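Scroll down for the structure; my scribbles are underneath it.
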Amino acid sequence: MENRVVVDKAPELTQIDDVAAQVDLSVALGEVNLANPVMPASGCFGPELAPLLPLDQLGAVVTKTVFSVERAGNPAHRLTETAFGMLNSVGIPSPGSEEFRKGLLKQYKASGTKVVVSIGGLFTQEYYTIAEELGNEDVAAFEVNVSCPNLEHGGLAIGTSPERVAEVVKGIRRFTTRPLFIKLTPTVSSIGEIAKAAEDAGATAVTVSNSFSGLAVNIHKRTSVLGSGAGGYTGPAVKPLALKLVRDAAQAVSIPVIGCGGITTAEDVAEFMIAGATAVQVGTATFTRPTAMSEIIADLEPLCHRLNVSKISELIGTLDTPIPSRSLS
Ligand SMILES: Cc1cc2nc3c(=O)[nH]c(=O)nc-3n(C[C@H](O)[C@H](O)[C@H](O)COP(=O)(O)O)c2cc1C
């Protein structure tokens, strides 16, 4: 039943405010306490959006994945809209760690917002180099993007192998004591196995997940629309896929899961939390509606009232549907 507050005379408006104030939106990702569960997804937000969305409204900011060395990114076209989502092959253009430290990182730190720095590499060693270069920075956490193509393994991402995920997490741990969120790739047969490998190797949380692999075809030229040949598919269409991955990962680990994929509304946030996420990241929605995250955050409190919870964290992992031991679908 919905939790309704009946108001029949003006003074009781204060009572509504009191009730509203009682909703606690805070969540904890290990030692990282967030005022609310909403963060931007890596690569989908920048400080230029601050006039539309004050940074201190966010649970934390997450940077675009930064590499140790400067990288140009992929050839054009880099983005294309599809019927139900977006396909991108931006290819992680990166200023390199030194420029990043002097530029974006300094700017984000000055804002007073919690900062999560996404790090990546095309070779295993590159993950360790960037961890060594940035590992002592005073940031809330590092998010390790294990979806980058790994050039020692024929382009296969580190995130496709539990052994390689464990190796990279342990390797990075040598260079930083900061919390580590491991951002997993969705293109695996058992996300639970990969998430568990990350947990056992020392991850603070897992982010589930990165974009799905996709292709758009130009039928006249008979070429891929995207310059790099294929891209990452994101947006509302991937929400059910990401939700299932979140549920499966949350079943396999005791560390927090950060849900990501197709979130556009506060109700989507609740779905992800009920499926097992402690916090969420919003990506493509910001491209279609730059104010999406502030609208989502503003809607969380009234939604908690409607769902009868005084703390949003009460939603986490409350999916009340038994999981068959051998699912047919
Ligand atoms: C243009 C674009 C750039 C992205 N860049 C990164 C990146 O640098 N690192 C990363 O881990 N994920 C990157 N992603 C993936 C997003 O962080 C997110 O995982 C994905 O878009 C799914 O969420 P969404 O459906 O809400 O967009 C990017 C996505 C888009 C659309």
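We name chains A, B, ... following the order of the structure tokens; residues begin at 1 in each chain, and ligands are numbered from 1 as shown.
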Which chains and residue numbers are within 6 Å of ligand 1, counting only C-alpha atoms and all ligand atoms, if I want them as a PyMOL selection string? chain A and resi 41-44+64-65+88+92+145+209-211+234-235+260-263+282-284
With C-alpha atoms retained, could you export that selection as an mmCIF file, in the first residue's frame?
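The new file out-v6.cif reads:
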```cif
data_model
loop_
_atom_site.group_PDB
_atom_site.id
_atom_site.type_symbol
_atom_site.label_atom_id
_atom_site.label_comp_id
_atom_site.auth_asym_id
_atom_site.auth_seq_id
_atom_site.Cartn_x
_atom_site.Cartn_y
_atom_site.Cartn_z
ATOM 1 C CA ALA A 41 28.630 6.944 -15.844
ATOM 2 C CA SER A 42 32.203 7.308 -17.039
ATOM 3 C CA GLY A 43 32.515 9.223 -20.322
ATOM 4 C CA CYS A 44 28.992 10.631 -20.153
ATOM 5 C CA LYS A 64 36.038 9.541 -18.262
ATOM 6 C CA THR A 65 38.533 6.678 -18.294
ATOM 7 C CA ASN A 88 29.417 4.880 -29.731
ATOM 8 C CA ILE A 92 38.720 6.735 -24.939
ATOM 9 C CA ASN A 145 37.629 -0.056 -16.538
ATOM 10 C CA SER A 209 28.186 -2.880 -16.386
ATOM 11 C CA ASN A 210 29.888 -1.218 -19.321
ATOM 12 C CA SER A 211 28.288 -0.894 -22.790
ATOM 13 C CA THR A 234 23.820 1.943 -24.457
ATOM 14 C CA GLY A 235 20.604 3.638 -23.368
ATOM 15 C CA CYS A 260 24.652 0.944 -14.816
ATOM 16 C CA GLY A 261 22.775 0.601 -18.093
ATOM 17 C CA GLY A 262 19.770 2.438 -19.472
ATOM 18 C CA ILE A 263 18.780 4.347 -16.335
ATOM 19 C CA VAL A 282 23.577 7.318 -15.445
ATOM 20 C CA GLY A 283 25.109 7.573 -18.931
ATOM 21 C CA THR A 284 23.168 8.013 -22.175
#
```
Identify, on the basis of only C-alpha atoms, every residue whose closest approach to Glu267 (chain A) does not exceed 9 Å; exclude the query and any residue fewer than 5 positions from it along the same chain; express the result as an MDAnalysis selection string. chainID A and resid 272 296 299:300 303
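Taking only C-alpha atoms into account, Val206 (chain A) lies nearest to A:Leu29 out of the set A:Leu315, A:Leu29, A:Val62, A:Cys304.
Summary of the local environment: counting only C-alpha atoms, residues at most 7 Å from region 106-114 of chain A, other than itself and those fewer than 5 positions away along its chain, are Leu55, Asp56, Ala60, Val61, Arg101, Val139 and Ala140 of chain A.
Using only C-alpha atoms, the contacts of region 191-205 of chain A at a cut-off of 7 Å, with sequence neighbours closer than 4 positions omitted, comprise Leu29, Gly30, Ser161, Pro162, Val165, Ala166, Val169, Lys170, Pro179, Leu180, Phe181, Ile182, Leu245, Asp248, Ala249, Ala252, Val253, Ile255, Pro256 and Val257 of chain A.
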Report the residues of region 119-319 of chain A whose backbone DSSP state falls under strand (DSSP E), written as an NGL selection string. :A and (119 or 141-145 or 180-183 or 205-208 or 212-214 or 217-218 or 223-224 or 231-234 or 257-260 or 277-282)
From the DSSP assignment of the backbone, select every residue of region 80-262 of chain A that is alpha helix (DSSP H), and format the answer as an NGL selection string. :A and (97-100 or 106-110 or 124-134 or 162-173 or 191-201 or 239-252)
Write out as a ChimeraX atom specification which residues come within 7 Å of region 134-136 of chain A when counting only C-alpha atoms, dropping same-chain ones fewer than 3 positions away. /A:130-131,175-176
Suppose we keep all heavy atoms; can you now write the selection as a PDB file, in the first residue's frame?
```pdb
ATOM      1  N   ILE A 130      49.271   3.648 -14.511  1.00  0.00           N
ATOM      2  CA  ILE A 130      48.363   4.749 -14.138  1.00  0.00           C
ATOM      3  C   ILE A 130      48.033   4.683 -12.645  1.00  0.00           C
ATOM      4  O   ILE A 130      47.910   5.704 -11.981  1.00  0.00           O
ATOM      5  CB  ILE A 130      47.093   4.781 -15.023  1.00  0.00           C
ATOM      6  CG1 ILE A 130      46.202   5.996 -14.714  1.00  0.00           C
ATOM      7  CG2 ILE A 130      46.239   3.557 -14.914  1.00  0.00           C
ATOM      8  CD1 ILE A 130      46.349   7.100 -15.645  1.00  0.00           C
ATOM      9  N   ALA A 131      47.947   3.456 -12.111  1.00  0.00           N
ATOM     10  CA  ALA A 131      47.682   3.324 -10.671  1.00  0.00           C
ATOM     11  C   ALA A 131      48.836   3.911  -9.870  1.00  0.00           C
ATOM     12  O   ALA A 131      48.631   4.574  -8.850  1.00  0.00           O
ATOM     13  CB  ALA A 131      47.469   1.861 -10.306  1.00  0.00           C
ATOM     14  N   PHE A 175      49.691  -0.300  -5.695  1.00  0.00           N
ATOM     15  CA  PHE A 175      49.998   1.123  -5.857  1.00  0.00           C
ATOM     16  C   PHE A 175      49.001   2.070  -5.207  1.00  0.00           C
ATOM     17  O   PHE A 175      49.191   3.272  -5.247  1.00  0.00           O
ATOM     18  CB  PHE A 175      50.111   1.462  -7.350  1.00  0.00           C
ATOM     19  CG  PHE A 175      51.187   0.678  -8.036  1.00  0.00           C
ATOM     20  CD1 PHE A 175      50.860  -0.356  -8.895  1.00  0.00           C
ATOM     21  CD2 PHE A 175      52.521   0.953  -7.777  1.00  0.00           C
ATOM     22  CE1 PHE A 175      51.849  -1.092  -9.520  1.00  0.00           C
ATOM     23  CE2 PHE A 175      53.523   0.223  -8.395  1.00  0.00           C
ATOM     24  CZ  PHE A 175      53.192  -0.807  -9.267  1.00  0.00           C
ATOM     25  N   THR A 176      47.928   1.525  -4.654  1.00  0.00           N
ATOM     26  CA  THR A 176      46.963   2.433  -4.017  1.00  0.00           C
ATOM     27  C   THR A 176      46.191   1.732  -2.906  1.00  0.00           C
ATOM     28  O   THR A 176      45.901   0.535  -3.000  1.00  0.00           O
ATOM     29  CB  THR A 176      45.965   3.025  -5.048  1.00  0.00           C
ATOM     30  OG1 THR A 176      45.116   3.965  -4.372  1.00  0.00           O
ATOM     31  CG2 THR A 176      45.106   1.982  -5.727  1.00  0.00           C
TER      32      THR A 176
END
```
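Computed from the coordinates, the CA of Ser294 (chain A) to CA of Leu53 (chain A) distance equals 6.2 Å.
Atom pair CA of Ala50 (chain A) / CA of Ala266 (chain A): separated by 20.4 Å.
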Can you list, as a PyMOL selection string, every protein, DNA or RNA residue that comes within 9 Å of Leu25 (chain A) when you count only C-alpha atoms, leaving out same-chain residues fewer than 4 positions away? chain A and resi 34-37+300-301+304+310-313
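Using only C-alpha atoms, the smallest distance between any of A:Pro95, A:Gly121, A:Pro302, A:Gly276 and Gly317 (chain A) comes from A:Gly276.
Here CA of Gly73 (chain A) is placed at a distance of 7.4 Å from CA of Ser94 (chain A).
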